[in-house]
Each structure stands twice: as C-alpha cells, then as structure tokens.
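Novice: Structure incoming, see below.
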Amino acid sequence: MKMTNDLIHLGLLGTTGKELLPSDIPPFLHVTLEKIKASQNDTEDGFYKIAAALFTCCRSGAEPVSRPEAQALPEALPEEKAYLSVAKTRLLSDLLQNNNISLLLYGYDCTIRQNQLLPPGCLPDMLSHAFEKGNPNAYEEKKRLSQLIGNRGNWYLQRQGLQCLEEEKELPWDTSTHAQRRALLRDIRLRDPQKALEMLCGEWKNESAQHRAELLECLEVRLSVADEVFITEAYKADRSETVRNTALSLLQRLPESQVVRFYWDTLKEHLRYRRFFGWSVTAIEYSEELKKYGIAEISHNKGESDSDYILRQLCESVPLAFWCELFDCDRAKAAERLRENPPFAKYFTVSRPVLRFNDREWAFILSQKTSQINYAYIPLLTPAQREQLNFNNTPVEGIHPDRSWFGGAGEPWGVNFSTHVLKMILGARFFYQDKETSELLAFHIPPEMKRHLLALEQKYADDAHGRAEYCRRIRQYMEIKNELEK
C-alpha cells in the first residue's frame with residue numbers, strides 16, 4: 001500500500017496549481033469531487049484524493065454505488081493504554097492460528113497484567129474466534145478480550161452488531177444460551193457466590209427441568225450453608241426427579257446441612273466405639289426417612305446384611321468431624337484410626353466421604369499414611385502437599401492426568417510430582433500426544449526440569465510413537481510461556 005501511494009504521489013508531482021473540473025472526470029464521480037472540494041483547503045491535497053478515487057474506480061472496473069442514505073461512521077475514541085509489542089502480538093496470533101487455546105488465554109492474562117491493549121490489526125481474527133458458534137472457550141475468551149480491545153475494539157464490535165463482556169457487566173441472562181449461562185454462573189460463583197445464587201433464583205422457574213438440574217450443579221462451586229435454603233426447597237418442591245436428585249447430592253456435600261445432621265444423629269444411635277473392645281453395632285430398620293434422604297435398603301454384597309449396609313452408607317456420608325467426636329481426638333488421629341480400623345471394614349470405602357466433602361486435609365493425611373497414593377485425591381491437594389508424597393509404590397499403568405489436576409497457570413508443581421506425572425504419561429502402554437495436556441504441563445512443570453525433558457527427548461529419540469516430540473513440545477511451550485510473561 002505504501003509503494004502504491006508513493007507511485008501516485010510521484011505521478012502527480014507538479015500539480016500544485018492544477019484543479020480538476022467536473023468535465024475532467026466521469027459523471028459518477030461528480031458528487032465525490034464536490035465533497036472533497038468542500039472539505040479541503042489545500043487544492044493539491046484535494047487533487048490527490050480525487051485522482052486516487054478515479055484510479056481506484058478504473059482499476060476495479062466498477063462505478064461507485066450511490067447510497068443517499070449512507071451516514072458517516074463515528075470515529076473511535078483515542079486509547080489511554082499502550083499497545084502490545086509487535087513481537088508478542090505476532091506470538092498471540094500464531095497461538096490462535098495453531099489452536100493453542102490454553103496458551104492464548106494465558107497470553108491474554110499476561111497482557112492484562114501488563115496493562116496493555118491488543119493492536120487493532122489483530123482484533124478481527126481474535127474477536128471472530130471468541131464469537132464463533134460452538135466455541136467451548138467463548139466465555140473465557142470474551143471475558144479477557146473485554147479488557148484488551150480498547151475503544152477501537154469496541155468500535156469494531158458495534159459495527160459488527162456484537163456485544164463483548166465487560167468486567168462489571170456480564171452477558172445478559174435472557175439472551176444467553178444455556179451453555180453460556182452455565183459458564184457465567186460458575187464464573188460469578190467464584191467471585192460472588194451470593195450474586196450467582198440470586199441470578200439463579202430469579203430465572204429458576206423459566207428453565208426446563210434438565211436445564212434446572214444443570215444450572216443447580218453450578219452451585220458446587222464454593223458451596224456453603226448459605227445455599228442450603230434454596231437447594232432444600234428445590235429438593236422438596238421441584239417436580240423433576242433429576243432436579244431433586246441433584247439437590248440431594250449437593251445437600252449431602254454440605255457438612256452443616258440438615259441432611260448430613262440426620263446421618264450424624266442416626267449413626268450415633270447405632271454405632272459405638274470402645275478403645276479396647278472395638279466396634280459395637282445396633283441393628284437398624286429401614287424407614288421412609290432413610291429413603292427420603294437417599295439411603296438404599298438392600299445390599300448387593302452377599303456377605304453384608306441389609307442393616308450393616310444401611311449403617312455403612314451412613315458412615316460413608318458423614319464428615320471427619322463425626323469421627324473426631326466418636327474417637328474423642330483431633331482430626332489427624334481420627335483419620336488415622338478410621339483408616340486402620342474402620343467399621344464394616346470389608347466394604348467400607350473411606351475415599352467416598354473424603355471426596356464428597358472435598359476435604360483437603362483428610363485427603364493429605366491419608367495420602368501420607370499409605371504406600372500407594374489414591375489418584376482421586378490429587379485434585380484436592382495443593383502443589384506443596386503433592387510434593388511431599390511418596391510415589392515409589394504407586395502404579396502408573398492406565399492412569400492419565402485429567403483437567404482437574406491442573407489449577408491456575410501461576411501454580412507451579414514441584415520436581416517430585418512433575419517427574420511422576422511425566423513418568424505416568426510417557427510410560428503408558430498406549431501413548432498418545434495430547435496437545436491440551438502438553439500445554440497445561442508447560443504451565444506447571446518447574447523451569448529447572450527443562451534438562452530432564454531434554455534427557456527424556458534423547459531417551460525416546462527412536463520411539464515411533466512421538467514421545468520425544470512430546471517432550472520437545474512441552475519445552476517449546478515453556479519457552480512461549482516465558483515470552484508471554486516478559
């Protein structure tokens with residue numbers, strides 16, 4: 001474009017005093033000529049512009065369309081923040097082109113922290129992707145882009161008839177899709193649980209049964225006793241069995257709920273523990289109240305009586321605080337005693353209450369006191385807690401880290417846990433190159449492990465399934481992460 005403009009200007013040298021008249025140009029450019037003359041004080045500049053218009057029409061072989069109703073577009077307001085550098089902008093564009101969405105979102109986060117804006121030239125592609133139908137990451141992309149597009153980006157969105165999220169103004173609930181509502185509700189639950197609950201209450205009756213159940217599940221994010229009244233009402237009054245079951249599941253995860261209190265009080269009547277004599281159990285009859293609160297009647301295990309089955313379900317439905325009271329000791333000792341000598345030991349599964357109540361401390365205590373780590377506890381543990389675990393006797397065959405193992409990009413793992421995860425992935429009998437997992441690993445593997453990754457590349461140099469390439473890709477993503485942070 002610059003070369004074309006230079007050629008036009010070169011061809012028009014010496015035209016300072018020349019003026020184009022209507023007779024010099026085709027009729028279809030007369031209106032354009034008059035507008036240019038009216039808006040220009042410099043005759044030479046006006047001559048340049050009408051000459052450029054004539055050149056464009058000749059090259060295109062078409063006459064300009066007459067649009068009497070056309071209106072001049074308003075200009076975007078000037079920006080108050082600096083633009084991202086050309087190099088980083090090109091890097092983000094490459095990540096979008098290659099569908100490296102986790103790294104792209106992290107790059108957006110870095111740009112926000114650096115208080116910069118995305119240059120206008122890259123916005124059409126990035127906004128088009130964020131508004132693409134069926135994009136599972138649409139909400140997360142829009143949320144970040146709302147802080148990165150500036151006045152020019154908002155100007156572009158208005159021209160396209162689109163609306164981007166703003167930091168304090170979420171998507172309107174009534175015009176959002178169900179998937180967008182779920183993402184919105186979970187996001188607001190993280191920031192303001194009460195506000196999210198009020199949003200759900202306001203539109204509850206207008207949703208279908210299936211949608212009510214799926215939106216109700218969102219309350220698992222930062223679930224608290226403040227949610228109990230609404231969830232209990234849904235459990236008691238909703239016409240849909242799916243909604244009632246979802247509500248009961250949430251109430252069972254609240255240690256302070258009336259449902260869990262019922263389990264607690266019922267169990268105290270039928271279960272005793274004496275330090276030197278062990279467990280004493282009183283048989284229990286099945287009742288409508290037990291059925292009401294989700295306790296099944298008949299055991300599927302031939303060696304387990306129905307009474308023991310009912311009581312075992314109650315044991316697997318109470319928090320660690322119950323066992324502290326029963327054993328009359330602190331949490332650490334109660335967890336250890338229950339692990340060593342549980343009631344109904346043949347069938348009792350301690351991981352069920354640990355996972356039901358998302359009890360991080362309970363999970364960590366059990367993980368320290370075992371020769372084999374229960375991988376189901378991993379999402380509950382902090383990076384520091386995972387680093388203290390002994391994985392020497394823990395099998396890796398058939399296990400692959402899922403999304404729940406990864407927290408925020410700012411939470412690096414330690415060397416011990418990172419080494420074990422790499423061993424798990426690369427040692428799999430049926431190895432496959434999971435692109436998303438390799439991106440997430442780049443966020444969490446500590447920088448000091450780059451040499452270890454290089455050694456693994458050399459170790460698997462002759463591997464036909466791409467293990468060496470997988471390690472190289474992780475290192476490459478780690479370098480990209482560093483570039484984004486600069």
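Within each chain, counting starts at residue 1; across the structure tokens, chains are named A, B, ... in the order shown, with ligands numbered 1 upward in that order.
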Can you tell me, as number ranges by chain, what residues are no more than 8 Å from Gln372 in chain A when counting only C-alpha atoms, ignoring any on the same chain fewer than 4 positions away?

Specialist: A: 367, 391, 393-395

Novice: Show which residues sit within 12 Å of Thr437 in chain A, as an MDAnalysis selection string. Count only C-alpha atoms, and ignore same-chain residues fewer than 2 positions away.

Specialist: chainID A and resid 100:103 400:406 421:422 425 432:435 439:445 470:471 473:474 477

Novice: Give me, as a ChimeraX atom specification, all polymer residues having an atom no more than 12 Å from Arg159 in chain A, counting only C-alpha atoms and skipping those fewer than 2 positions away in the same chain.

Specialist: /A:73-76,124,152-157,161-163

Novice: For N, CA and C atoms, I'd like the residues from the last selection saved as a CSV table (one decimal), in the first residue's frame.

Specialist:
chain,number,residue,atom,x,y,z
A,73,LEU,N,-19.5,7.2,9.5
A,73,LEU,CA,-19.3,6.5,10.8
A,73,LEU,C,-18.6,7.3,11.8
A,74,PRO,N,-19.0,7.2,13.1
A,74,PRO,CA,-18.3,7.9,14.1
A,74,PRO,C,-16.9,7.3,14.3
A,75,GLU,N,-16.0,8.1,14.7
A,75,GLU,CA,-14.6,7.6,14.9
A,75,GLU,C,-14.5,7.1,16.4
A,76,ALA,N,-13.6,6.1,16.5
A,76,ALA,CA,-13.3,5.5,17.8
A,76,ALA,C,-12.6,6.6,18.7
A,124,PRO,N,-9.9,-8.3,14.6
A,124,PRO,CA,-10.9,-9.1,13.9
A,124,PRO,C,-10.8,-10.6,14.0
A,152,ARG,N,-11.1,1.1,20.2
A,152,ARG,CA,-11.2,0.7,18.8
A,152,ARG,C,-11.8,-0.7,18.7
A,153,GLY,N,-11.5,-1.6,19.6
A,153,GLY,CA,-12.2,-2.9,19.6
A,153,GLY,C,-13.7,-2.8,19.8
A,154,ASN,N,-14.1,-2.0,20.7
A,154,ASN,CA,-15.5,-1.8,21.0
A,154,ASN,C,-16.2,-1.1,19.8
A,155,TRP,N,-15.5,-0.2,19.1
A,155,TRP,CA,-16.0,0.4,17.9
A,155,TRP,C,-16.2,-0.6,16.9
A,156,TYR,N,-15.3,-1.5,16.7
A,156,TYR,CA,-15.4,-2.6,15.7
A,156,TYR,C,-16.6,-3.5,16.0
A,157,LEU,N,-16.8,-3.9,17.3
A,157,LEU,CA,-17.9,-4.7,17.7
A,157,LEU,C,-19.2,-4.1,17.4
A,161,GLY,N,-22.3,-5.4,15.1
A,161,GLY,CA,-23.6,-5.7,15.8
A,161,GLY,C,-23.4,-6.7,16.9
A,162,LEU,N,-22.2,-6.7,17.5
A,162,LEU,CA,-21.9,-7.7,18.6
A,162,LEU,C,-21.7,-7.0,19.9
A,163,GLN,N,-21.7,-7.7,21.0
A,163,GLN,CA,-21.5,-7.1,22.3
A,163,GLN,C,-20.5,-8.0,23.1

Novice: Extract the full set of strand (DSSP E or B) residues from range 112-201 of chain A according to DSSP on the backbone, and format it as a PyMOL selection string.

Specialist: chain A and resi 116-117+166+169

Novice: Taking only C-alpha atoms into account, which of A:Tyr139, A:Trp204, A:Tyr48, A:Tyr377 comes nearest Glu233 in chain A?

Specialist: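 Smallest distance to Glu233 in chain A is found for A:Trp204.
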
Novice: If you count only C-alpha atoms, which residues fall within 10 Å of Ile231 in chain A, apart from same-chain ones fewer than 3 positions away, as a ChimeraX atom specification?

Specialist: /A:216,219,225-228,234-236,243-244,246-251

Novice: I'd like the contact shell of Gly427 in chain A - 10 Å cut-off, only C-alpha atoms, skipping same-chain residues fewer than 3 positions apart - returned as a PyMOL selection string.

Specialist: chain A and resi 396-399+421-424+430-431+467

Novice: Looking at A:Leu96, A:Leu223, A:Leu105, A:Leu184, which one is nearest to Met126 in chain A, with distances taken over only C-alpha atoms?

Specialist: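 Under the stated criterion, the closest residue is A:Leu96.
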
Novice: Hey, can you check how far CA of Thr382 in chain A sits from CA of Asp359 in chain A?

Specialist: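 These two atoms are separated by 12.0 Å.
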
Novice: Near Arg339 in chain A, counting only C-alpha atoms, which residues have an atom at most 12 Å away, once you skip same-chain residues fewer than 6 positions from it, shown as a list in words?

Specialist: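 Using only C-alpha atoms, the neighbours found are Leu320, Trp323, Ala332, Lys333, Ala345, Phe348, Thr349, Val350, Ser351, Val354, Trp362, Ala363, Ile365, Leu366, Ser367, Gln368, Lys369 and Thr370 of chain A.
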
Novice: Between A:Ser60, A:Thr89, A:Gln388, A:Thr32, single out the one closest to Gly107 in chain A, counting only C-alpha atoms.

Specialist: A:Thr89

Novice: Using only C-alpha atoms for the distances, tell me which of A:Arg352, A:Glu285, A:Arg253, A:Trp279 is nearest to Gln313 in chain A.

Specialist: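 Checking each of A:Arg352, A:Glu285, A:Arg253, A:Trp279 against Gln313 in chain A, counting only C-alpha atoms, the winner is A:Arg352.
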
Novice: With only C-alpha atoms as the basis for distance, which of A:Ser224, A:Ser93, A:Gln210, A:Gln194 is at the shortest distance from Glu241 in chain A?

Specialist: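 The closest residue to Glu241 in chain A is A:Gln210.
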